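What follows is the content of entry.cif (mmCIF, C-alpha atoms).
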```cif
data_coords
loop_
_atom_site.label_atom_id
_atom_site.label_comp_id
_atom_site.auth_asym_id
_atom_site.auth_seq_id
_atom_site.Cartn_x
_atom_site.Cartn_y
_atom_site.Cartn_z
CA MET A 66 0.00 0.00 0.00
CA LEU A 67 2.78 2.43 0.93
CA ASP A 68 5.78 2.67 -1.31
CA ASP A 69 9.29 3.94 -0.64
CA SER A 70 8.42 7.53 -1.58
CA ASP A 71 5.51 7.60 0.90
CA ARG A 72 7.78 6.33 3.62
CA ARG A 73 10.47 8.84 2.74
CA LEU A 74 7.93 11.68 2.89
CA LEU A 75 6.59 10.61 6.26
CA ARG A 76 10.06 10.09 7.66
CA HIS A 77 11.10 13.64 6.77
CA LEU A 78 7.80 15.23 7.77
CA GLN A 79 7.90 13.44 11.10
CA ALA A 80 11.33 14.88 11.83
CA ASP A 81 10.05 18.42 11.22
CA PRO A 82 6.26 18.73 10.84
CA GLU A 83 6.50 22.50 10.40
CA GLN A 84 8.64 22.52 7.28
CA SER A 85 7.26 23.94 4.07
CA MET A 86 6.32 21.76 1.13
CA ALA A 87 9.28 23.23 -0.77
CA ALA A 88 11.69 22.14 1.99
CA LEU A 89 10.08 18.72 2.11
CA SER A 90 10.44 18.42 -1.64
CA THR A 91 14.14 19.33 -1.51
CA ALA A 92 14.81 16.91 1.34
CA THR A 93 13.05 13.97 -0.30
CA GLY A 94 13.80 14.71 -3.95
CA ILE A 95 10.09 14.40 -4.71
CA PRO A 96 8.51 17.23 -6.77
CA VAL A 97 6.30 19.66 -4.79
CA ALA A 98 3.12 18.77 -6.68
CA THR A 99 3.73 15.07 -6.04
CA CYS A 100 4.36 15.80 -2.33
CA TYR A 101 0.93 17.44 -2.09
CA LYS A 102 -0.74 14.60 -3.95
CA ARG A 103 0.89 11.88 -1.90
CA LEU A 104 0.21 13.56 1.45
CA ASP A 105 -3.43 14.05 0.43
CA ARG A 106 -3.66 10.37 -0.36
CA LEU A 107 -2.05 9.40 2.95
CA ARG A 108 -4.66 11.57 4.70
CA GLU A 109 -7.49 9.94 2.75
CA GLN A 110 -6.17 6.50 3.66
CA GLY A 111 -6.10 7.54 7.31
CA VAL A 112 -2.35 6.93 7.63
CA LEU A 113 -1.69 10.60 8.31
CA ARG A 114 -4.36 11.70 10.75
CA GLY A 115 -3.12 15.20 11.51
CA GLN A 116 -0.70 17.22 13.57
CA GLN A 117 -0.95 18.04 17.23
CA MET A 118 0.69 20.67 19.35
CA VAL A 119 2.36 19.20 22.40
CA LEU A 120 2.22 21.66 25.28
CA ASN A 121 5.20 22.44 27.45
CA TRP A 122 3.47 22.15 30.82
CA PRO A 123 6.42 23.37 32.91
CA ALA A 124 6.25 26.69 30.97
CA LEU A 125 2.63 26.93 32.13
CA GLY A 126 3.65 26.38 35.74
CA PHE A 127 3.05 22.62 35.94
CA THR A 128 6.46 21.42 36.97
CA VAL A 129 5.51 18.11 38.59
CA GLU A 130 4.76 15.05 36.45
CA VAL A 131 3.96 11.68 37.93
CA SER A 132 3.24 8.40 36.19
CA LEU A 133 0.70 6.37 38.17
CA ARG A 134 0.62 2.65 37.50
CA VAL A 135 -2.74 1.33 38.53
CA THR A 136 -3.77 -2.25 39.23
CA LEU A 137 -7.53 -2.73 39.11
CA ASP A 138 -9.89 -4.88 41.12
CA LYS A 139 -10.87 -7.06 38.16
CA THR A 140 -13.58 -8.97 40.00
CA ASN A 141 -15.87 -6.20 38.78
CA PRO A 142 -16.43 -6.52 35.01
CA ARG A 143 -17.11 -2.78 34.71
CA ALA A 144 -13.88 -1.83 36.51
CA PHE A 145 -11.99 -0.69 33.39
CA ASP A 146 -14.80 1.40 31.91
CA GLU A 147 -15.73 3.05 35.18
CA LEU A 148 -12.17 3.91 36.13
CA LEU A 149 -11.44 5.34 32.66
CA ALA A 150 -14.62 7.44 32.70
CA ALA A 151 -13.81 8.83 36.15
CA ALA A 152 -10.17 9.53 35.22
CA ARG A 153 -11.31 11.60 32.22
CA ASP A 154 -13.01 13.98 34.66
CA VAL A 155 -9.74 14.82 36.39
CA PRO A 156 -8.29 17.82 34.47
CA GLU A 157 -4.73 17.16 35.66
CA VAL A 158 -4.71 13.72 34.00
CA THR A 159 -3.00 14.25 30.64
CA GLU A 160 -2.65 10.64 29.45
CA ILE A 161 -4.66 7.48 29.98
CA GLN A 162 -3.26 4.18 28.77
CA THR A 163 -4.43 0.61 29.24
CA PHE A 164 -2.09 -2.36 29.21
CA LEU A 165 -1.72 -6.07 29.04
CA GLY A 166 0.76 -6.98 31.74
CA ARG A 167 1.35 -6.37 35.41
CA VAL A 168 -0.05 -2.85 35.10
CA ASP A 169 -3.68 -2.41 34.02
CA VAL A 170 -3.93 1.35 33.57
CA ARG A 171 -1.40 4.13 33.57
CA LEU A 172 -2.26 7.76 34.21
CA THR A 173 0.01 10.74 33.71
CA VAL A 174 -0.81 13.40 36.27
CA ILE A 175 0.67 16.90 36.27
CA ALA A 176 0.67 19.44 39.09
CA ARG A 177 2.06 22.88 39.89
CA THR A 178 3.99 21.85 43.01
CA MET A 179 4.40 18.80 45.23
CA PRO A 180 1.73 20.02 47.72
CA HIS A 181 -0.60 20.58 44.75
CA TYR A 182 0.16 17.04 43.56
CA GLN A 183 -0.55 15.68 47.03
CA GLU A 184 -3.89 17.48 46.96
CA ILE A 185 -4.86 16.02 43.56
CA TYR A 186 -3.65 12.57 44.60
CA ARG A 187 -5.76 12.53 47.76
CA ALA A 188 -8.88 14.23 46.49
CA ARG A 189 -9.09 13.01 42.89
CA ILE A 190 -6.92 9.92 42.37
CA LEU A 191 -7.40 7.82 45.49
CA THR A 192 -11.14 8.34 45.09
CA LEU A 193 -11.20 6.79 41.59
CA PRO A 194 -13.25 3.58 41.51
CA HIS A 195 -11.98 -0.05 41.52
CA ILE A 196 -8.32 0.65 42.27
CA ALA A 197 -6.55 -2.27 43.94
CA ASP A 198 -3.06 -0.79 43.97
CA ILE A 199 -1.14 2.27 42.75
CA GLU A 200 2.57 2.71 42.15
CA ALA A 201 4.00 6.11 41.39
CA LEU A 202 6.97 6.95 39.20
CA MET A 203 8.11 10.51 39.52
CA HIS A 204 9.29 12.05 36.29
CA VAL A 205 12.80 13.46 36.54
CA ALA A 206 13.84 14.20 32.97
CA THR A 207 12.86 13.46 29.40
CA ILE A 208 15.82 12.11 27.47
CA LYS A 209 14.07 11.40 24.17
CA ASP A 210 10.53 12.33 23.26
CA ALA A 211 10.31 12.61 19.49
CA GLU A 212 7.94 9.64 19.49
CA ALA A 213 9.00 9.05 15.92
CA LEU A 214 8.28 5.79 14.14
CA PRO A 215 11.23 4.00 12.55
CA ILE A 216 9.61 4.23 9.09
CA MET B 294 5.54 32.17 33.75
CA ILE B 295 3.00 33.34 31.22
CA ASP B 296 -0.53 34.35 32.22
CA LEU B 297 -3.29 32.93 30.09
CA ASP B 298 -6.75 34.36 29.61
CA ALA B 299 -9.80 32.42 28.41
CA ILE B 300 -9.07 33.04 24.72
CA ASP B 301 -5.44 31.91 25.08
CA ARG B 302 -6.74 28.68 26.59
CA ASP B 303 -9.21 28.23 23.74
CA ILE B 304 -6.39 28.74 21.24
CA LEU B 305 -4.14 26.21 23.01
CA ARG B 306 -6.91 23.65 23.16
CA ALA B 307 -7.61 24.11 19.43
CA LEU B 308 -3.91 23.77 18.53
CA GLN B 309 -3.55 20.69 20.71
CA ALA B 310 -6.18 19.06 18.50
CA ASP B 311 -4.90 20.49 15.21
CA ALA B 312 -1.53 22.21 15.07
CA THR B 313 -2.00 23.26 11.45
CA LEU B 314 -4.77 25.79 12.21
CA LYS B 315 -3.92 29.21 10.80
CA ALA B 316 -4.38 32.51 12.65
CA SER B 317 -7.30 33.38 10.36
CA GLU B 318 -9.18 30.21 11.33
CA LEU B 319 -8.37 30.66 15.04
CA GLY B 320 -9.61 34.25 14.78
CA ARG B 321 -12.86 33.16 13.18
CA ARG B 322 -13.47 30.56 15.86
CA PHE B 323 -12.76 32.79 18.83
CA GLY B 324 -13.99 36.16 17.56
CA LEU B 325 -10.63 37.81 16.89
CA SER B 326 -9.24 39.57 13.85
CA GLN B 327 -6.58 37.63 11.98
CA PRO B 328 -3.73 39.92 13.22
CA ALA B 329 -4.99 39.74 16.82
CA ALA B 330 -5.07 35.93 16.67
CA TRP B 331 -1.61 35.90 15.10
CA ARG B 332 -0.24 38.14 17.90
CA ARG B 333 -1.64 35.79 20.54
CA VAL B 334 -0.16 32.72 18.87
CA LYS B 335 3.18 34.50 18.59
CA ARG B 336 3.12 35.53 22.25
CA LEU B 337 2.37 31.95 23.34
CA GLN B 338 5.08 30.61 21.08
CA GLU B 339 7.65 33.07 22.42
CA ALA B 340 6.78 32.10 25.99
CA GLY B 341 7.74 28.53 25.06
CA VAL B 342 4.26 27.20 25.73
CA TRP B 343 4.59 24.44 23.22
CA GLN B 344 7.25 21.89 23.13
CA THR B 345 6.86 20.45 19.70
CA ARG B 346 4.45 19.43 16.99
CA ARG B 347 3.66 15.78 16.66
CA LEU B 348 2.55 14.00 13.53
CA ASP B 349 -0.46 11.84 14.28
CA LEU B 350 0.20 8.65 12.32
CA ASP B 351 -1.81 5.45 12.27
CA THR B 352 0.94 3.17 13.55
CA GLU B 353 -0.86 -0.02 12.56
CA LYS B 354 -1.34 1.08 8.97
CA LEU B 355 2.39 1.76 8.87
CA GLY B 356 3.08 -1.79 9.96
CA PHE B 357 3.78 -1.24 13.66
CA GLY B 358 1.33 -3.50 15.42
CA VAL B 359 2.75 -3.41 18.95
CA THR B 360 3.71 -0.69 21.37
CA VAL B 361 5.33 -1.78 24.61
CA PHE B 362 6.26 0.26 27.66
CA LEU B 363 9.34 -0.93 29.49
CA GLY B 364 10.31 -0.14 33.03
CA VAL B 365 14.08 -0.49 33.26
CA LYS B 366 16.11 -0.76 36.42
CA LEU B 367 19.84 -0.26 36.12
CA ALA B 368 21.83 -3.12 37.65
CA THR B 369 25.18 -1.56 38.17
CA LYS B 370 24.65 1.99 39.26
CA GLY B 371 27.91 3.79 39.76
CA ARG B 372 29.83 1.50 37.45
CA VAL B 373 27.98 2.48 34.30
CA SER B 374 27.27 6.14 33.86
CA LEU B 375 23.70 7.23 33.28
CA GLU B 376 24.93 9.16 30.24
CA ASP B 377 26.25 5.99 28.62
CA PHE B 378 22.94 4.23 29.12
CA GLU B 379 20.94 7.23 27.92
CA ARG B 380 23.06 7.69 24.82
CA ALA B 381 22.85 4.02 23.88
CA VAL B 382 19.13 3.66 24.51
CA SER B 383 18.27 6.88 22.64
CA ALA B 384 20.08 5.59 19.57
CA ILE B 385 17.73 2.60 19.17
CA PRO B 386 15.24 3.56 16.43
CA GLU B 387 12.42 1.46 17.90
CA VAL B 388 12.69 3.32 21.22
CA GLN B 389 10.35 6.28 20.81
CA THR B 390 10.62 7.91 24.20
CA VAL B 391 13.02 7.71 27.14
CA GLN B 392 12.13 9.16 30.50
CA HIS B 393 14.29 9.22 33.59
CA VAL B 394 12.04 8.47 36.56
CA LEU B 395 12.24 7.98 40.32
CA GLY B 396 10.58 5.00 41.96
CA LEU B 397 10.43 1.31 41.20
CA TYR B 398 12.33 1.84 37.92
CA ASP B 399 15.03 4.20 36.72
CA TYR B 400 13.82 4.63 33.14
CA ARG B 401 10.57 4.34 31.22
CA LEU B 402 10.83 3.48 27.55
CA ARG B 403 8.22 3.46 24.84
CA VAL B 404 9.07 0.88 22.18
CA VAL B 405 7.33 0.14 18.86
CA ALA B 406 7.68 -3.08 16.90
CA ARG B 407 6.03 -4.76 13.93
CA ASP B 408 4.67 -7.61 16.03
CA LEU B 409 5.48 -9.53 19.20
CA SER B 410 8.32 -11.53 17.65
CA ASP B 411 9.83 -8.32 16.31
CA PHE B 412 9.51 -6.88 19.82
CA GLU B 413 11.30 -9.91 21.21
CA ARG B 414 14.15 -9.28 18.79
CA VAL B 415 14.41 -5.61 19.89
CA LEU B 416 14.25 -6.61 23.54
CA ARG B 417 16.90 -9.32 23.31
CA ARG B 418 19.34 -7.79 20.87
CA ARG B 419 19.00 -4.09 21.66
CA ILE B 420 17.57 -3.51 25.12
CA MET B 421 19.00 -6.39 27.17
CA THR B 422 22.46 -5.65 25.77
CA LEU B 423 22.46 -2.01 26.90
CA PRO B 424 25.22 -1.02 29.32
CA GLY B 425 24.11 -1.50 32.92
CA VAL B 426 20.62 -2.74 32.21
CA GLY B 427 19.10 -4.79 35.03
CA ASN B 428 15.52 -5.74 35.73
CA VAL B 429 13.09 -4.99 32.87
CA GLU B 430 9.31 -5.05 33.07
CA ALA B 431 7.19 -4.99 29.91
CA ASN B 432 3.58 -3.93 29.52
CA VAL B 433 1.89 -4.13 26.12
CA LEU B 434 -0.15 -1.05 25.24
CA LEU B 435 -3.82 -1.79 24.50
CA SER B 436 -5.27 1.70 24.24
CA GLU B 437 -4.12 5.25 24.64
CA GLU B 438 -5.88 8.53 25.11
CA ARG B 439 -4.36 11.99 25.33
CA ARG B 440 -6.29 14.53 27.35
CA PRO B 441 -6.17 18.32 26.95
CA GLY B 442 -4.95 18.75 30.54
CA PRO B 443 -5.73 21.51 33.05
CA LEU B 444 -6.36 24.39 30.65
CA GLY B 445 -9.17 25.75 32.79
#
```
Let's see the structure in the file written out as structure tokens.
Amino acid sequence: MLDDSDRRLLRHLQADPEQSMAALSTATGIPVATCYKRLDRLREQGVLRGQQMVLNWPALGFTVEVSLRVTLDKTNPRAFDELLAAARDVPEVTEIQTFLGRVDVRLTVIARTMPHYQEIYRARILTLPHIADIEALMHVATIKDAEALPI
Amino acid sequence: MIDLDAIDRDILRALQADATLKASELGRRFGLSQPAAWRRVKRLQEAGVWQTRRLDLDTEKLGFGVTVFLGVKLATKGRVSLEDFERAVSAIPEVQTVQHVLGLYDYRLRVVARDLSDFERVLRRRIMTLPGVGNVEANVLLSEERRPGPLG
């Protein structure tokens, strides 16, 4: 379905989503008109779904980031759905992931300060339904975050 | 730290969903002139409010069927420098993100692979051979949702 030119386009675009079509064309050696056509087709096929802005939360005053690894009480068949629905109502939760493994659900929680985090943790996280156990990993530094695919 | 008003928050929320929105479109949505919207976007950008733009790709359609999160504990702290580990792990193309964390593990890695046997290859040949690597826990990602966060 995808040929080498498609992959080359996505690889370069992924490295710098803001570049102009002219720059993309120079980098890939694919004519500008073809770049447009191919990217349109990748959008139609749903391969390229869009571009998102990733916020720099520390610049907005949220300097604390904690990864909470949640184990659920799976005796309740609705445990997953109810926990996910409740977690969506907590504004400080920026990511919700579900897993196959020792961890069932992972939440990323951000806060302004440690006391603020403690407040959110007590009032909004510990009150989430069906939690059997929580482990916290405190985020120290991001070493690599391009989240690029090895296309 | 930058102060945000209600319109700034609306703009950030809109750009989180679609980073390609132009100032004219943002202006139309939030009742601003095109130059006024442009000035706001510029002010936010200069304050470093966004980190990066991310391409939203359908990983499965591109042939990457599995995403695995690894918790990695270093075995020989002190003998292997954190920099050596970080440099080596960041160079692995299948490793998408590397975070240094405090707690049960030292690092959190996000790894993509074509399928489970491809993941096994990455784990055995690339991850387990990293300098200083100790205990590794793997969790296979089933679903993922990104939330707008506390934008008021």
With chain B as the partner and 6 Å as the cut-off, tabulate the residues of chain A that qualify, each row holding the nearest pair of atoms and their distance in Å to one decimal, using all atoms listed in the file, sorted by chain and rising number, as a tab-separated table.
```
residue	atom	partner	partner_atom	distance
A:Gln79	CA	B:Leu348	CA	5.9
A:Val112	CA	B:Asp351	CA	4.9
A:Leu113	CA	B:Leu350	CA	4.8
A:Arg114	CA	B:Asp349	CA	5.3
A:Gly115	CA	B:Asp349	CA	5.1
A:Gln116	CA	B:Leu348	CA	4.6
A:Gln117	CA	B:Ala312	CA	4.7
A:Met118	CA	B:Gln309	CA	4.5
A:Val119	CA	B:Thr345	CA	5.4
A:Leu120	CA	B:Trp343	CA	4.2
A:Asn121	CA	B:Trp343	CA	4.7
A:Ala124	CA	B:Val342	CA	5.6
A:Pro156	CA	B:Pro443	CA	4.7
A:Glu157	CA	B:Pro443	CA	5.2
A:Thr159	CA	B:Arg440	CA	4.7
A:Glu160	CA	B:Arg439	CA	4.7
A:Ile161	CA	B:Glu438	CA	5.1
A:Gln162	CA	B:Glu437	CA	4.4
A:Thr163	CA	B:Ser436	CA	5.2
A:Phe164	CA	B:Leu434	CA	4.6
A:Leu165	CA	B:Val433	CA	5.0
A:Gly166	CA	B:Asn432	CA	4.7
A:Leu202	CA	B:Gly396	CA	4.9
A:Met203	CA	B:Leu395	CA	4.9
A:His204	CA	B:Val394	CA	4.5
A:Val205	CA	B:Val394	CA	5.0
A:Ala206	CA	B:His393	CA	5.0
A:Thr207	CA	B:Gln392	CA	4.5
A:Ile208	CA	B:Val391	CA	5.2
A:Lys209	CA	B:Val391	CA	4.9
A:Asp210	CA	B:Thr390	CA	4.5
A:Glu212	CA	B:Gln389	CA	4.3
A:Ala213	CA	B:Gln389	CA	5.8
A:Pro215	CA	B:Pro386	CA	5.6
```
Q: Rank B:Asp301, B:Ser317, B:Phe378, B:Phe412 by their smallest atom-to-atom distance to B:Val365, using only C-alpha atoms, and report the top residue only.
A: B:Phe378
Q: Please identify all polymer residues lying at most 8 Å from the point (13.3, 4.1, 6.9) (file coordinates), using all atoms listed in the file, and present the result as an MDAnalysis selection string.
A: chainID A and resid 72:73 76 215:216
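Here atom CA of A:Leu67 is placed at a distance of 18.2 Å from atom CA of B:Asp408.
Distances from B:Ser410, B:Arg336, B:Val415, B:Val373 to B:Gly427 were compared using only C-alpha atoms, and the smallest one belongs to B:Val373.
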Going by the chain IDs and residue numbers used in this file, which residues fall under the PyMOL selection byres ((chain A and resi 186) around 12)? Write them as a PDB file with C-alpha atoms, in the coordinates of the input.
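What ended up in expr_34.pdb:
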```pdb
ATOM      1  CA  GLU A 130       4.760  15.050  36.450  1.00  0.00           C
ATOM      2  CA  VAL A 131       3.960  11.680  37.930  1.00  0.00           C
ATOM      3  CA  SER A 132       3.240   8.400  36.190  1.00  0.00           C
ATOM      4  CA  LEU A 133       0.700   6.370  38.170  1.00  0.00           C
ATOM      5  CA  ALA A 152     -10.170   9.530  35.220  1.00  0.00           C
ATOM      6  CA  VAL A 155      -9.740  14.820  36.390  1.00  0.00           C
ATOM      7  CA  GLU A 157      -4.730  17.160  35.660  1.00  0.00           C
ATOM      8  CA  VAL A 158      -4.710  13.720  34.000  1.00  0.00           C
ATOM      9  CA  LEU A 172      -2.260   7.760  34.210  1.00  0.00           C
ATOM     10  CA  THR A 173       0.010  10.740  33.710  1.00  0.00           C
ATOM     11  CA  VAL A 174      -0.810  13.400  36.270  1.00  0.00           C
ATOM     12  CA  ILE A 175       0.670  16.900  36.270  1.00  0.00           C
ATOM     13  CA  ALA A 176       0.670  19.440  39.090  1.00  0.00           C
ATOM     14  CA  MET A 179       4.400  18.800  45.230  1.00  0.00           C
ATOM     15  CA  PRO A 180       1.730  20.020  47.720  1.00  0.00           C
ATOM     16  CA  HIS A 181      -0.600  20.580  44.750  1.00  0.00           C
ATOM     17  CA  TYR A 182       0.160  17.040  43.560  1.00  0.00           C
ATOM     18  CA  GLN A 183      -0.550  15.680  47.030  1.00  0.00           C
ATOM     19  CA  GLU A 184      -3.890  17.480  46.960  1.00  0.00           C
ATOM     20  CA  ILE A 185      -4.860  16.020  43.560  1.00  0.00           C
ATOM     21  CA  ARG A 187      -5.760  12.530  47.760  1.00  0.00           C
ATOM     22  CA  ALA A 188      -8.880  14.230  46.490  1.00  0.00           C
ATOM     23  CA  ARG A 189      -9.090  13.010  42.890  1.00  0.00           C
ATOM     24  CA  ILE A 190      -6.920   9.920  42.370  1.00  0.00           C
ATOM     25  CA  LEU A 191      -7.400   7.820  45.490  1.00  0.00           C
ATOM     26  CA  THR A 192     -11.140   8.340  45.090  1.00  0.00           C
ATOM     27  CA  LEU A 193     -11.200   6.790  41.590  1.00  0.00           C
ATOM     28  CA  ILE A 199      -1.140   2.270  42.750  1.00  0.00           C
ATOM     29  CA  GLU A 200       2.570   2.710  42.150  1.00  0.00           C
ATOM     30  CA  ALA A 201       4.000   6.110  41.390  1.00  0.00           C
TER      31      ALA A 201
END
```
Q.
If we count only C-alpha atoms and set the cut-off at 10 Å, which residues sit around A:Lys139, ignoring sequence neighbours fewer than 5 positions away in its own chain? Please answer as a ChimeraX atom specification.
A. /A:144-145,169,195-197
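Put simply, atom CA of B:Thr369 is 10.8 Å away from atom CA of B:Asn428.
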I'd like the box whose edges run along x, y and z of the file and which contains every listed atom of stretch 390-393 of chain B, padded by 4 Å per side; could you state its centre and edge lengths in Å, one decimal, as AutoDock Vina command-line options?
```
--center_x 12.5 --center_y 8.5 --center_z 28.9 --size_x 11.7 --size_y 9.5 --size_z 17.4
```
Q: In Å, rounded to a single decimal, give me how far atom CA of B:Asp411 is from atom CA of B:Val359.
A: 9.0 Å
Q. Which residue, B:Arg418, B:Glu339, B:Ala368, B:Ile300, has the smallest gap to B:Arg322 when you use only C-alpha atoms?
A. B:Ile300
How would stretch 427-443 of chain B read, as a PDB file, in the frame of the given file, once N, CA and C atoms are built in?
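To be explicit, this is the file written out as selection.pdb:
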```pdb
ATOM      1  N   GLY B 427      19.397  -3.743  34.053  1.00  0.00           N
ATOM      2  CA  GLY B 427      19.100  -4.790  35.030  1.00  0.00           C
ATOM      3  C   GLY B 427      17.716  -5.345  34.803  1.00  0.00           C
ATOM      4  N   ASN B 428      16.876  -5.225  35.812  1.00  0.00           N
ATOM      5  CA  ASN B 428      15.520  -5.740  35.730  1.00  0.00           C
ATOM      6  C   ASN B 428      14.681  -4.945  34.723  1.00  0.00           C
ATOM      7  N   VAL B 429      13.936  -5.657  33.863  1.00  0.00           N
ATOM      8  CA  VAL B 429      13.090  -4.990  32.870  1.00  0.00           C
ATOM      9  C   VAL B 429      11.667  -5.523  32.987  1.00  0.00           C
ATOM     10  N   GLU B 430      10.706  -4.620  33.057  1.00  0.00           N
ATOM     11  CA  GLU B 430       9.310  -5.050  33.070  1.00  0.00           C
ATOM     12  C   GLU B 430       8.631  -4.530  31.808  1.00  0.00           C
ATOM     13  N   ALA B 431       7.856  -5.388  31.152  1.00  0.00           N
ATOM     14  CA  ALA B 431       7.190  -4.990  29.910  1.00  0.00           C
ATOM     15  C   ALA B 431       5.684  -5.008  30.072  1.00  0.00           C
ATOM     16  N   ASN B 432       5.032  -3.971  29.574  1.00  0.00           N
ATOM     17  CA  ASN B 432       3.580  -3.930  29.520  1.00  0.00           C
ATOM     18  C   ASN B 432       3.171  -3.556  28.098  1.00  0.00           C
ATOM     19  N   VAL B 433       2.313  -4.357  27.501  1.00  0.00           N
ATOM     20  CA  VAL B 433       1.890  -4.130  26.120  1.00  0.00           C
ATOM     21  C   VAL B 433       0.723  -3.139  26.098  1.00  0.00           C
ATOM     22  N   LEU B 434       0.873  -2.083  25.299  1.00  0.00           N
ATOM     23  CA  LEU B 434      -0.150  -1.050  25.240  1.00  0.00           C
ATOM     24  C   LEU B 434      -1.398  -1.558  24.501  1.00  0.00           C
ATOM     25  N   LEU B 435      -2.550  -1.391  25.139  1.00  0.00           N
ATOM     26  CA  LEU B 435      -3.820  -1.790  24.500  1.00  0.00           C
ATOM     27  C   LEU B 435      -4.552  -0.570  23.953  1.00  0.00           C
ATOM     28  N   SER B 436      -4.589   0.497  24.714  1.00  0.00           N
ATOM     29  CA  SER B 436      -5.270   1.700  24.240  1.00  0.00           C
ATOM     30  C   SER B 436      -4.601   2.919  24.851  1.00  0.00           C
ATOM     31  N   GLU B 437      -4.795   4.043  24.187  1.00  0.00           N
ATOM     32  CA  GLU B 437      -4.120   5.250  24.640  1.00  0.00           C
ATOM     33  C   GLU B 437      -4.982   6.459  24.331  1.00  0.00           C
ATOM     34  N   GLU B 438      -5.040   7.346  25.264  1.00  0.00           N
ATOM     35  CA  GLU B 438      -5.880   8.530  25.110  1.00  0.00           C
ATOM     36  C   GLU B 438      -5.089   9.716  25.627  1.00  0.00           C
ATOM     37  N   ARG B 439      -5.029  10.780  24.838  1.00  0.00           N
ATOM     38  CA  ARG B 439      -4.360  11.990  25.330  1.00  0.00           C
ATOM     39  C   ARG B 439      -5.425  13.002  25.692  1.00  0.00           C
ATOM     40  N   ARG B 440      -5.304  13.588  26.849  1.00  0.00           N
ATOM     41  CA  ARG B 440      -6.290  14.530  27.350  1.00  0.00           C
ATOM     42  C   ARG B 440      -5.755  15.954  27.220  1.00  0.00           C
ATOM     43  N   PRO B 441      -6.655  16.941  27.101  1.00  0.00           N
ATOM     44  CA  PRO B 441      -6.170  18.320  26.950  1.00  0.00           C
ATOM     45  C   PRO B 441      -5.448  18.864  28.169  1.00  0.00           C
ATOM     46  N   GLY B 442      -5.646  18.284  29.340  1.00  0.00           N
ATOM     47  CA  GLY B 442      -4.950  18.750  30.540  1.00  0.00           C
ATOM     48  C   GLY B 442      -5.637  19.949  31.168  1.00  0.00           C
ATOM     49  N   PRO B 443      -5.069  20.457  32.266  1.00  0.00           N
ATOM     50  CA  PRO B 443      -5.730  21.510  33.050  1.00  0.00           C
ATOM     51  C   PRO B 443      -5.646  22.884  32.396  1.00  0.00           C
TER      52      PRO B 443
END
```
